[in-house]
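Visitor: Contents of query-v3.txt (compact mmCIF, C-alpha atoms) are below:
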```txt
# COMPACT_ATOMS: atom_id res chain seq x y z
CA MET A 257 -20.39 -32.87 -14.20
CA THR A 258 -20.64 -29.20 -14.98
CA GLU A 259 -16.94 -29.09 -15.82
CA GLU A 260 -17.36 -32.07 -18.08
CA LEU A 261 -20.22 -30.35 -19.89
CA GLU A 262 -18.20 -27.20 -20.24
CA LEU A 263 -15.25 -29.08 -21.67
CA ASN A 264 -17.50 -30.82 -24.15
CA ALA A 265 -19.02 -27.51 -25.11
CA LYS A 266 -15.58 -25.99 -25.51
CA SER A 267 -14.28 -28.67 -27.83
CA ALA A 268 -17.07 -28.29 -30.36
CA TYR A 269 -15.36 -26.02 -32.89
CA SER A 270 -15.28 -27.23 -36.47
CA GLU A 271 -12.08 -26.65 -38.45
CA SER A 272 -13.56 -23.63 -40.24
CA LYS A 273 -14.93 -22.26 -36.97
CA LYS A 274 -11.47 -22.55 -35.40
CA VAL A 275 -10.02 -20.39 -38.14
CA HIS A 276 -12.89 -17.92 -37.76
CA VAL A 277 -12.31 -17.63 -34.00
CA PHE A 278 -8.59 -17.25 -34.64
CA ASP A 279 -9.15 -14.46 -37.17
CA THR A 280 -11.76 -12.54 -35.19
CA GLU A 281 -10.66 -13.03 -31.57
CA PHE A 282 -6.90 -13.62 -31.65
CA LEU A 283 -5.31 -11.89 -34.64
CA PRO A 284 -6.71 -8.39 -33.87
CA HIS A 285 -4.37 -8.31 -30.83
CA ILE A 286 -1.21 -8.85 -32.84
CA ASP A 287 -0.03 -5.21 -32.45
CA SER A 288 -0.17 -5.36 -28.67
CA MET A 289 1.34 -8.83 -28.61
CA TYR A 290 4.27 -7.76 -30.76
CA ASN A 291 4.91 -4.69 -28.64
CA PHE A 292 4.74 -6.75 -25.44
CA ALA A 293 7.14 -9.29 -26.94
CA TYR A 294 9.55 -6.53 -27.94
CA ARG A 295 9.47 -5.01 -24.47
CA LEU A 296 10.45 -8.39 -23.08
CA THR A 297 13.11 -9.42 -25.60
CA PHE A 298 14.40 -6.09 -27.05
CA ASP A 299 14.96 -7.95 -30.30
CA GLU A 300 12.82 -7.86 -33.45
CA ASP A 301 13.48 -11.43 -34.56
CA ASP A 302 12.92 -12.85 -31.08
CA SER A 303 9.70 -10.82 -30.85
CA LYS A 304 8.44 -12.23 -34.14
CA ASP A 305 9.28 -15.78 -33.06
CA LEU A 306 7.68 -15.28 -29.67
CA VAL A 307 4.47 -13.88 -31.16
CA GLN A 308 4.36 -16.66 -33.73
CA ASP A 309 4.86 -19.35 -31.06
CA THR A 310 2.17 -17.73 -28.94
CA TYR A 311 -0.36 -17.80 -31.77
CA MET A 312 0.52 -21.37 -32.71
CA LYS A 313 -0.02 -22.47 -29.12
CA ALA A 314 -3.28 -20.52 -28.91
CA PHE A 315 -4.51 -22.24 -32.06
CA ARG A 316 -3.45 -25.66 -30.80
CA PHE A 317 -5.47 -25.15 -27.63
CA ILE A 318 -8.29 -23.18 -29.23
CA ASN A 319 -10.89 -25.64 -27.97
CA SER A 320 -10.23 -24.50 -24.43
CA PHE A 321 -11.12 -20.94 -25.44
CA GLN A 322 -14.71 -19.78 -25.22
CA GLU A 323 -15.76 -17.15 -27.73
CA GLY A 324 -16.42 -13.76 -26.25
CA THR A 325 -14.17 -14.30 -23.23
CA ASN A 326 -10.93 -12.43 -22.67
CA ALA A 327 -8.77 -13.51 -25.61
CA LYS A 328 -6.25 -10.75 -25.08
CA ALA A 329 -5.51 -11.74 -21.47
CA TRP A 330 -5.20 -15.39 -22.51
CA LEU A 331 -2.76 -14.53 -25.32
CA TYR A 332 -0.70 -12.40 -22.95
CA ARG A 333 -0.55 -15.28 -20.52
CA ILE A 334 0.67 -17.68 -23.21
CA LEU A 335 3.23 -15.18 -24.49
CA LYS A 336 4.57 -14.40 -21.04
CA ASN A 337 4.90 -18.10 -20.17
CA SER A 338 6.56 -18.87 -23.50
CA PHE A 339 9.03 -16.11 -22.83
CA ILE A 340 9.82 -17.40 -19.34
CA ASN A 341 10.03 -21.05 -20.37
CA ASP A 342 11.65 -20.88 -23.78
CA TYR A 343 13.20 -17.55 -24.63
CA ARG A 344 14.77 -16.47 -21.41
CA LYS A 345 16.71 -19.71 -21.24
CA LYS A 346 18.47 -19.00 -24.51
CA SER A 347 18.81 -15.24 -24.08
CA LYS A 348 21.77 -13.58 -22.50
CA GLN A 349 19.68 -11.90 -19.83
CA PRO A 350 20.89 -12.26 -16.26
CA SER A 351 19.37 -15.06 -14.26
CA LYS A 352 16.07 -14.50 -12.54
CA VAL A 353 15.99 -12.91 -9.14
CA ASP A 354 13.36 -14.24 -6.79
CA TYR A 355 11.20 -11.24 -6.12
CA GLN A 356 8.86 -13.12 -3.81
CA GLU A 357 11.22 -12.31 -1.00
CA VAL A 358 11.35 -8.66 -1.97
CA GLU A 359 7.59 -8.57 -2.27
CA GLN A 360 7.06 -10.12 1.12
CA TYR A 361 9.31 -7.48 2.55
CA TYR A 362 7.37 -4.72 0.87
CA ASN A 363 4.08 -6.24 1.90
CA SER A 364 5.06 -6.17 5.50
CA GLU A 365 6.91 -2.90 5.81
CA ASP A 366 5.85 0.69 5.69
CA THR A 367 5.63 1.81 2.12
CA ALA A 368 5.71 5.51 2.83
CA LYS A 369 9.46 5.88 2.80
CA ASP A 370 9.70 4.71 -0.81
CA ALA A 371 7.14 7.13 -2.07
CA THR A 372 9.11 10.13 -0.95
CA VAL A 373 11.52 10.15 -3.91
CA ASP A 374 10.89 13.59 -5.25
CA LEU A 375 9.95 13.67 -8.88
CA ARG A 376 8.60 17.08 -9.66
CA LEU A 377 6.07 17.57 -12.39
CA GLU A 378 8.16 20.15 -14.20
CA THR A 379 11.08 17.70 -14.46
CA THR A 380 9.08 15.02 -16.23
CA LYS A 381 7.27 17.08 -18.82
CA ASP A 382 10.42 17.61 -20.91
CA MET A 383 11.46 13.99 -20.85
CA ILE A 384 11.55 12.34 -24.20
CA GLY A 385 10.36 8.88 -25.10
CA ASP A 386 13.89 7.43 -25.06
CA GLU A 387 14.43 8.37 -21.45
CA ILE A 388 11.12 6.92 -20.38
CA SER A 389 11.78 3.83 -22.46
CA ASN A 390 15.28 3.34 -21.02
CA ALA A 391 13.96 3.70 -17.49
CA LEU A 392 11.23 1.14 -18.13
CA ASN A 393 13.55 -1.25 -19.97
CA SER A 394 16.07 -1.19 -17.15
CA LEU A 395 13.52 -2.60 -14.69
CA ALA A 396 13.78 -6.29 -13.81
CA ILE A 397 11.48 -8.34 -15.99
CA ASP A 398 8.83 -9.00 -13.31
CA PHE A 399 8.56 -5.30 -12.51
CA ARG A 400 8.63 -4.24 -16.16
CA THR A 401 5.86 -6.69 -16.96
CA VAL A 402 3.39 -5.34 -14.41
CA ILE A 403 3.95 -1.77 -15.58
CA ILE A 404 3.38 -2.77 -19.21
CA LEU A 405 0.24 -4.74 -18.40
CA CYS A 406 -1.26 -2.09 -16.16
CA ASP A 407 -0.16 1.27 -17.55
CA LEU A 408 0.29 0.53 -21.24
CA GLU A 409 -2.29 -2.17 -21.83
CA GLY A 410 -4.83 -1.20 -19.19
CA PHE A 411 -5.41 -4.67 -17.73
CA THR A 412 -7.23 -4.80 -14.40
CA TYR A 413 -5.52 -6.22 -11.31
CA GLU A 414 -7.70 -9.32 -11.65
CA GLU A 415 -6.69 -9.87 -15.27
CA MET A 416 -3.04 -9.32 -14.38
CA ALA A 417 -3.30 -11.89 -11.59
CA LYS A 418 -4.60 -14.42 -14.11
CA ILE A 419 -1.99 -13.56 -16.74
CA LEU A 420 0.88 -13.75 -14.27
CA ASP A 421 -0.48 -16.52 -12.06
CA ILE A 422 -0.01 -14.58 -8.88
CA PRO A 423 -2.48 -13.38 -6.21
CA ILE A 424 -4.03 -9.91 -6.59
CA GLY A 425 -2.19 -8.77 -3.45
CA THR A 426 1.09 -9.63 -5.14
CA VAL A 427 0.01 -7.73 -8.27
CA ARG A 428 -0.57 -4.66 -6.09
CA SER A 429 2.70 -4.91 -4.20
CA ARG A 430 4.73 -5.69 -7.32
CA LEU A 431 3.20 -2.71 -9.10
CA HIS A 432 3.89 -0.50 -6.12
CA ARG A 433 7.51 -1.58 -6.00
CA ALA A 434 7.90 -1.30 -9.79
CA ARG A 435 6.58 2.25 -9.77
CA ASN A 436 8.87 3.26 -6.94
CA ILE A 437 11.90 1.99 -8.84
CA LEU A 438 10.69 3.64 -12.05
CA ARG A 439 10.18 6.91 -10.20
CA GLU A 440 13.72 6.70 -8.80
CA LYS A 441 15.12 6.10 -12.27
CA LEU A 442 13.14 8.98 -13.79
CA ALA A 443 14.26 11.22 -10.93
CA SER A 444 17.88 10.36 -11.63
CA TYR A 445 17.37 11.14 -15.34
CA ALA A 446 15.80 14.43 -14.32
CA TYR A 447 18.80 15.12 -12.10
CA SER A 448 21.21 14.37 -14.94
CA MET A 449 19.25 16.76 -17.16
CA GLY A 450 20.04 19.55 -14.74
CA TYR A 451 16.83 19.77 -12.78
CA ASN A 452 16.94 19.98 -8.98
CA MET B 216 0.32 2.84 10.19
CA SER B 217 2.72 5.64 9.43
CA GLU B 218 2.50 9.37 9.53
CA CYS B 219 2.79 11.45 6.42
CA PRO B 220 6.32 12.92 6.35
CA ASP B 221 5.17 16.50 5.94
CA CYS B 222 1.52 16.79 6.85
CA SER B 223 -0.95 15.57 9.36
CA CYS B 224 -2.20 12.42 7.58
CA SER B 225 -3.00 9.92 10.25
CA ASP B 226 -2.26 7.05 7.89
CA PHE B 227 -0.04 7.91 4.94
CA ASP B 228 0.26 4.26 3.82
CA LYS B 229 -3.48 4.11 3.44
CA CYS B 230 -3.47 7.28 1.34
CA LEU B 231 -0.78 5.89 -0.95
CA ARG B 232 -2.60 2.60 -1.31
CA ILE B 233 -5.85 4.33 -2.25
CA LEU B 234 -4.03 6.75 -4.55
CA ASN B 235 -2.68 3.82 -6.58
CA LEU B 236 -6.03 2.05 -6.64
CA LEU B 237 -7.67 5.25 -7.80
CA LEU B 238 -5.24 5.87 -10.64
CA ASP B 239 -5.51 2.23 -11.73
CA ASP B 240 -9.33 2.43 -11.76
CA GLU B 241 -9.50 -0.11 -8.95
CA ALA B 242 -10.81 2.05 -6.11
CA ASP B 243 -14.36 1.69 -4.86
CA GLU B 244 -16.71 4.62 -4.32
CA THR B 245 -15.90 5.02 -0.61
CA GLN B 246 -12.17 5.07 -1.32
CA GLU B 247 -12.65 7.60 -4.11
CA GLU B 248 -14.71 9.89 -1.90
CA PHE B 249 -12.20 9.61 0.92
CA PHE B 250 -9.23 10.39 -1.29
CA TYR B 251 -10.68 13.30 -3.26
CA SER B 252 -11.88 14.99 -0.10
CA HIS B 253 -8.51 14.24 1.57
CA ILE B 254 -6.38 15.89 -1.13
CA ASP B 255 -8.38 19.10 -0.67
CA LYS B 256 -6.81 19.25 2.78
CA CYS B 257 -3.41 17.64 2.26
CA ILE B 258 -0.90 19.21 -0.11
CA VAL B 259 1.55 16.29 0.26
CA CYS B 260 -0.94 13.67 -0.91
CA PHE B 261 -2.14 16.10 -3.58
CA SER B 262 1.43 16.39 -4.91
CA HIS B 263 1.91 12.63 -4.84
CA TYR B 264 -1.36 12.20 -6.69
CA ASN B 265 -0.26 14.60 -9.44
CA ALA B 266 3.21 13.07 -9.75
CA GLU B 267 1.85 9.53 -9.97
CA LYS B 268 -0.74 10.61 -12.51
CA GLN B 269 1.96 12.30 -14.54
CA ILE B 270 4.14 9.17 -14.63
CA ARG B 271 1.26 7.07 -15.92
CA GLU B 272 0.47 9.69 -18.57
CA LEU B 273 4.13 9.91 -19.59
CA LEU B 274 4.32 6.17 -20.12
CA LYS B 275 1.22 6.17 -22.27
CA ARG B 276 2.08 9.26 -24.27
CA LYS B 277 5.80 8.99 -24.84
CA LEU B 278 6.49 5.32 -25.33
CA GLN B 279 6.45 4.68 -29.03
CA LYS B 280 4.57 1.72 -30.33
CA ARG B 281 6.59 -0.44 -32.67
CA LYS B 282 5.09 -1.29 -35.99
CA VAL B 283 4.36 -4.97 -36.43
CA PRO B 284 6.24 -6.44 -39.41
CA SER B 285 3.71 -6.51 -42.22
CA GLN B 286 4.18 -10.18 -43.05
CA LEU B 287 3.84 -11.48 -39.51
CA ALA B 288 0.05 -11.83 -39.34
CA LEU B 289 0.00 -13.41 -42.78
CA ASP B 290 2.81 -15.86 -41.94
CA ILE B 291 1.05 -16.94 -38.77
CA ARG B 292 -2.24 -17.34 -40.54
CA ASN B 293 -0.65 -19.39 -43.32
CA LYS B 294 0.87 -21.72 -40.74
CA ILE B 295 -2.40 -22.39 -38.96
CA VAL B 296 -4.36 -23.16 -42.13
CA GLN B 297 -1.65 -25.47 -43.51
```
Take the structure in the file and give it back as structure tokens.

Guide:
Amino acid sequence: MTEELELNAKSAYSESKKVHVFDTEFLPHIDSMYNFAYRLTFDEDDSKDLVQDTYMKAFRFINSFQEGTNAKAWLYRILKNSFINDYRKKSKQPSKVDYQEVEQYYNSEDTAKDATVDLRLETTKDMIGDEISNALNSLAIDFRTVIILCDLEGFTYEEMAKILDIPIGTVRSRLHRARNILREKLASYAYSMGYN
Amino acid sequence: MSECPDCSCSDFDKCLRILNLLLDDEADETQEEFFYSHIDKCIVCFSHYNAEKQIRELLKRKLQKRKVPSQLALDIRNKIVQ
């Protein structure tokens, strides 16, 4: 009954109200959405298409959105799913690796050994954006995504779990693994720059 | 449970877990208190804390934001009001 009431309440937007909600709650996030899309596709045209598709879907389902709730997280979720379902199929990216297995392994094993890759503070301070960007971009998509959501966009673990449709424990372990790989990549850049 | 490679942490995994929670603003008060008092006594965890913090700052500071194509918002808006 409550759900039914909520659904009724959610579908009450008039046409002009829909556009108002779209303008005030959805469009202000277009910068972040475009940057997220670019970090997934590495292509300007694909990013534009992905953002456009995301907004069109959001508008089509606007009645399921309640004003004042987390529009940004919802848009990220739509964009990420559109990317997985539509764009990755036609892109030339290598096929998806099932990281569940990897994550289960990392959930059950000691994590200490991975954290011992030595990345000294003095080696990172001279790194330029390109090196950081290359390291991030070379991560597998699932790992890259959690770093973007957490470190660049500041989503909470709970929001990330909702965006990615995975349990919070998996968010934590995926982030942990992603950061270890990123640290290893930055350390190898640092090594190639002559540190160590 | 594992020992810290270089110091006397009784549970290094726990320290790492809390360190990440702390830097992601997900730690509770007890975890925060534990960790900040711990790194006063443990140079290894203190170094890890600084390195992890640095990586997060690097990502935020050095990754350039791309400028959204100026027409994009307008194109999208035109499509939805069609």

Visitor: Set out as a tab-separated table a contact list for chain B and chain A with a cut-off of 9 Å, giving each residue of chain B that qualifies its closest atom pair and distance in Å to one decimal, counting all atoms listed in the file, ordered by chain and rising residue number.

Guide:
```
residue	atom	partner	partner_atom	distance
B:Met216	CA	A:Asp366	CA	7.4
B:Ser217	CA	A:Asp366	CA	6.9
B:Glu218	CA	A:Ala368	CA	8.4
B:Cys219	CA	A:Ala368	CA	7.5
B:Pro220	CA	A:Ala368	CA	8.2
B:Phe227	CA	A:Ala368	CA	6.6
B:Asp228	CA	A:Ala368	CA	5.7
B:Leu231	CA	A:Ala368	CA	7.5
B:Arg232	CA	A:His432	CA	8.7
B:Asn235	CA	A:His432	CA	7.9
B:Leu236	CA	A:Arg428	CA	8.7
B:Asp239	CA	A:Cys406	CA	7.5
B:Asp240	CA	A:Thr412	CA	8.0
B:Glu241	CA	A:Thr412	CA	7.5
B:Ser262	CA	A:Arg376	CA	8.6
B:His263	CA	A:Ala371	CA	8.1
B:Asn265	CA	A:Leu377	CA	7.6
B:Ala266	CA	A:Leu377	CA	5.9
B:Glu267	CA	A:Arg435	CA	8.7
B:Gln269	CA	A:Leu377	CA	7.0
B:Ile270	CA	A:Thr380	CA	7.8
B:Arg271	CA	A:Asp407	CA	6.2
B:Glu272	CA	A:Asp407	CA	8.5
B:Leu273	CA	A:Ile388	CA	7.6
B:Leu274	CA	A:Ile388	CA	6.8
B:Lys275	CA	A:Leu408	CA	5.8
B:Arg276	CA	A:Gly385	CA	8.3
B:Lys277	CA	A:Gly385	CA	4.6
B:Leu278	CA	A:Gly385	CA	5.3
B:Gln279	CA	A:Gly385	CA	7.0
B:Lys280	CA	A:Asn291	CA	6.6
B:Arg281	CA	A:Asn291	CA	6.1
B:Lys282	CA	A:Asp287	CA	7.4
B:Val283	CA	A:Asp287	CA	5.9
B:Pro284	CA	A:Lys304	CA	8.1
B:Leu287	CA	A:Lys304	CA	7.1
B:Ala288	CA	A:Leu283	CA	7.1
B:Asp290	CA	A:Gln308	CA	8.4
B:Ile291	CA	A:Gln308	CA	6.0
B:Arg292	CA	A:Asp279	CA	8.2
B:Lys294	CA	A:Met312	CA	8.0
B:Ile295	CA	A:Met312	CA	7.0
B:Val296	CA	A:Val275	CA	7.5
```

Visitor: Just give me the gap between atom CA of Gln246 of chain B and atom CA of Ala417 of chain A in Å, one decimal is fine.

Guide: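 The value is 21.7 Å.
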
Visitor: In Å, with one decimal, what is the gap from atom CA of Ala391 of chain A to atom CA of Tyr445 of chain A?

Guide: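 Taking atom CA of Ala391 of chain A and atom CA of Tyr445 of chain A, their separation equals 8.5 Å.
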
Visitor: Interatomic distance between atom CA of Lys336 of chain A and atom CA of Asp398 of chain A?

Guide: 10.3 Å

Visitor: Set up a box along x, y and z of the file covering all listed atoms of segment 321-340 of chain A, add 6 Å on every one of the six sides, and write the centre and edge lengths in Å to one decimal, as JSON.

Guide:
```
{"center_x": -3.3, "center_y": -15.8, "center_z": -23.5, "size_x": 38.2, "size_y": 22.2, "size_z": 20.4}
```
